[in-house]
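Colleague: There's a structure below that I have some questions on.
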Amino acid sequence: MRQPRPALRLTTLATASGLLFASAAAWAQGGPGQGPANPNAGPTPSSSVPQALASTTQLETVIVTGIRKSLETSVNLKRSSSGLVDGIVAEDIGKFPDTNLAESLSRISGVSIDRSNGEGTRITVRGMGPDFNLVLLNGRQMPGASVDGSAPSSRSFDFSNLASDGVAALEVYKTSRASSPTGGMGATINIRTPRPFDTKETIAQVGVKLVSDQSARRLPGEEQGKNATPELSGIYSTQTNDGTFGIALMGTYQVRDSGYSQANVSSGWKTFDGIVDNDWGGSHAAWGGLPPASQATEIKNRPAIGSIYSVPQNLNYSFTGVHRERLNGQLVMQFKPTKDLVGTLDFVMSEQKFRQRRNDISAWFNYGGQFGEFQTGSPSSPIIYGEHMANSDLAMGASRIQTKNKNQQIGLNLKWKATDALSFDIDAHHSTATSGANDPLGTSVTLATASLNRGDTFVDFSNKFPVLNIKGATLDPTKQELQGSVFGNSYQKNQVDQLQTKGNWKLNEDSSLDFGLTLTNVKNRSAFANVQRDTWGANAAGGPAAMPDDIWRADSISKYFSRIPGSNDPRLFNQFFYFNFEDLRGAAIKALGSDALLKASFDWQDDYRTTEKSQAVFGQYNLNWEWGVPMEAAIGARYERTKVHSPSVEKIPVSVAWVADNEIPISFNGTRSASRDGKYGYFLPSIDLAADVTSDTKLRVSYGQTIGRPGWNAIQGGQRLDPLARVDGGSASVGNPDLKPLHSSNFDFSAEHYYAKSSYIAASYFRKSLKDYNEAIISNVNLFGLHTPVGNAMYNQAMTAGGCGANSGCIRQYIFTNFPNAPGVAPGNGPGLGTITAQPNDPLLMFKLGSYINNQRTSKLNGIELNAQHIFGNSGFGVSANFTKVRSNLSYDNNKAGAQTDVLVGLGDSGNLVGFFENETFTTRLAYNWRGKFLAANFGGTDGAQPLYVEPYGQLDLSVGYNFNSHLRFQLEAINLTDEYTRTHLRNENQVGAVTQLGRRVMIGARYKF
């Protein structure tokens, strides 16, 4: 007979869920109050619902020793937690399953990762991209900073900052709860580090590894890294005999040499739409569109009128060597002056130093004399795109990037059991993340060179590898000369100060109340300075004679892309010069007579700061009861209020000059101050219900509302102009501090069957309703009253009477020849060389100003997760598999040009298959991780918005361990066993973004436990 309905007022959703559970009880085994029928089924749920981000108390009392015990502990976490929780637990202190935390997370269903240089960095959960997943360290909000020339678009923590040796567990909370901080729309991930009170014994161990990265040896000359680099780690943890004081020290030092070779359209694609017959060759042609058929008779399959088509701005082959040093340290002290009070003081630091050396070769298209062949249909991209040229530039550059990222956190936690029924948790921390130059020259610096002997040029995009073909050009050191340069400098700092107070009041044996208050103050600073030489063309810096011939070293291109289909095409222009950046800079200083424009500025003329202050209160009622079957409920709400203040210092533009075919730099003088503000508040309810319908089977249903805060670039109020405009205008950006977060209403349902110890199957369905999407928009506006010589009377006369059409090089030469004394016209010493400065009567320079607004349309996302894990008795063998499928109307419309709304970055399917064997001597794990095609970006490119898709990628990793004795263990790991490459594209596969060859990574190491 079923138990009477408890006197508890539930929502309609809760009532419906209760009826579902009650009907399931008809086939449940055993009556109310009976324990598990299967002795291997694991523990029954505790009498009180676990608190958010503290539900793993039982983990801290378990001594884990090996893969199977780790899996058992993770399964118990999943089974006993409120809501949907997955986790990965270290086999022992210092023995995390993967060397990279993001790689570990990718083994969890619904979690997929972004990779940088072959290593996991950021995560996507259930289709929600890195911006919408919150990462905590021991329950604390983590800051993040990265140097990429702009404000960070993501708040997501970069997992490459932390070595796995100092991590005890990763906990992934997929359903919302009142006690969780806001921001985890896909999931909230808690990184839990070891504590000395976790174990009674003293632990002391050291480890050493040698890492060999194949990608580091697939690079030209001086960019090659070492054959093997070291990793060192050490851990010491102990406590006093009376258990009143404990201390833990952990440290790691890692060096990695790696690299990658990449073919990409680095300056973007231009996309055109909706043209009509008489518009061919009009303004579209001036911006890169195809000219009329009468002027371009060598184009096959011309895109149909009204279709979407794209053309590339350039093609680039680059070869980059990366040297990284990572230092991690942790100090944890715990004290227990009384049995009811435990204090924890901890300090965590991580530092990464990056040094990159890059050589590249590229060909720029000027949108004149086009020939080639396009795909049929829409959107259409060229199968072959080419242009007739004579004595154009074959560009080769050298870059140096040296940066340092540093994260620090100091925190104090007090757990006090005031009475048998009332306990408190008080936590405060101060955390910072900074990124900046580790080089007096700047964060990212580039010197360009060229030989002006390039003839007809085309690219074949029909294969995975884009094949560049050039007629007439040969490698000749006597023709190589210095061109323009960019010495960019950036500084980022993110700071989090947070106070969290939580309480638990045990009302009776079956119910309790959680409550708390959180105060968070986050500051973000993004500062930039740029020193740029916009000097291009013949004799730009003394001509070829000014550069010594012995610094150029000839090499072939194809051998650095041997894994990518199409790289052996005989039509490939298979040669380039690589050269040392320092040698070239020394020659440039000598040629220019000064280094004033060949070093960075640390005078931050673009300086943007944002302060975000939040206050939150929450309450959650927890109840266990019997209603035919054991049931649990956690019903709560959170109110969060946020204020945003964004002051800035912005450079003031004063003049515009046309210096090369498609280079129109903007000059700045002085700065101005500005300030913008915003605020918002949200009431966020949540409910978790669970029922043990049998001793082995559990059903869950959850509902909650969450928010995902905008990226710093979206709310950073400063207005920023790109210093280099083009023939078709300039670009600029400004944030919107009053932008509201993305809001999600989430529904989750799951069924879990634990049929044996550490073995289970599970299926989950999730649905998210999203509104207030942060929409990127582009406005075509004039800023600061700036003018441009493009489109003035001289320009128009050159197009018509001069017969130049849209050929910018022809237009410039016509103006220099026919109007040499006109205001602003200064011819140079050679064809096409010189400067044309904008005058007050010239047309206004129009900017594509990027910003953000809230889109009011509601969108849907839904998906399923399937999980299975099986241990084959006592054989030592086991297997786990999972698959996640996600669908949404938030997809990009590839047949529509311009900025698009309601587009979700990261949306895609993923799966894992892992097999392992373990006995007292050997441990072996073979893991395959797959991620389907997904949208990586939806904003960027030379003509505004473009999609960028990452193509399906699968990676196979192997780990083998050997226990020599109880103290000494050897480990072998191989990453990317099958040597896969990555590829991105835009509107279709022919419209390549980048194709990148990486390599295998092998690590061999030993760990000694004293």
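The chains in the structure tokens are called A, B, ... from first to last as shown; in each chain the residues are counted from 1, and the ligands are counted from 1 in the order shown.
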Using backbone DSSP assignments, extract all strand (DSSP E) residues from region 733-904 of chain A; output them as a PyMOL selection string.
Modeller: chain A and resi 733-734+742-756+759-771+773-787+825-827+834-837+844-855+859-871+877-888
Colleague: Using only C-alpha atoms, find each residue of region 101-195 of chain A with at least one atom at most 12 Å away from an atom of region 1000-1007 of chain A; report its shortest atom-to-atom pair and that distance in Å (one decimal), sort the rows by chain and rising residue number, and return the result as JSON lines.
Modeller:
```
{"residue": "A:Asn117", "atom": "CA", "partner": "A:Arg1001", "partner_atom": "CA", "distance": 11.2}
{"residue": "A:Gly118", "atom": "CA", "partner": "A:Arg1000", "partner_atom": "CA", "distance": 8.8}
{"residue": "A:Glu119", "atom": "CA", "partner": "A:Arg1001", "partner_atom": "CA", "distance": 10.0}
{"residue": "A:Asp165", "atom": "CA", "partner": "A:Arg1007", "partner_atom": "CA", "distance": 11.1}
```
Colleague: Please identify all polymer residues within 8 Å of Ser758 (chain A), counting only C-alpha atoms, omitting same-chain residues fewer than 3 positions from it, and present them as a PDB file with C-alpha atoms, in the first residue's frame.
Modeller:
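After the write, result.pdb holds the following:
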```
ATOM      1  CA  ARG A  68      38.355   0.602 -10.431  1.00  0.00           C
ATOM      2  CA  LEU A  71      35.285   4.636 -10.898  1.00  0.00           C
ATOM      3  CA  GLU A  72      33.435   3.240  -7.891  1.00  0.00           C
ATOM      4  CA  VAL A  75      29.612   6.278  -9.423  1.00  0.00           C
ATOM      5  CA  TYR A 754      23.084   0.390 -11.095  1.00  0.00           C
ATOM      6  CA  GLN A 869      29.930   1.475 -17.646  1.00  0.00           C
ATOM      7  CA  HIS A 870      30.682  -2.188 -17.085  1.00  0.00           C
ATOM      8  CA  ILE A 871      33.265  -3.962 -14.976  1.00  0.00           C
TER       9      ILE A 871
END
```
Colleague: Tell me which protein, DNA and RNA residues are within 10 Å of Glu918 (chain A), counting only C-alpha atoms, leaving out same-chain ones fewer than 4 positions away, and put them as a ChimeraX atom specification.
Modeller: /A:66-68,874-878,922-925,960-962
Colleague: Rank nothing, just name the residue among A:Val701, A:Val727, A:Leu475, A:Ile715 nearest to Thr175 (chain A), using only C-alpha atoms.
Modeller: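 Using only C-alpha atoms, the shortest distance to Thr175 (chain A) belongs to A:Val701.
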Colleague: Residues at most 12 Å from Gly484 (chain A), counting only C-alpha atoms, excluding those fewer than 5 positions away in the same chain, as a ChimeraX atom specification?
Modeller: /A:395-398,445-450,531-541,585,588,592,597-598,659-660,663,665
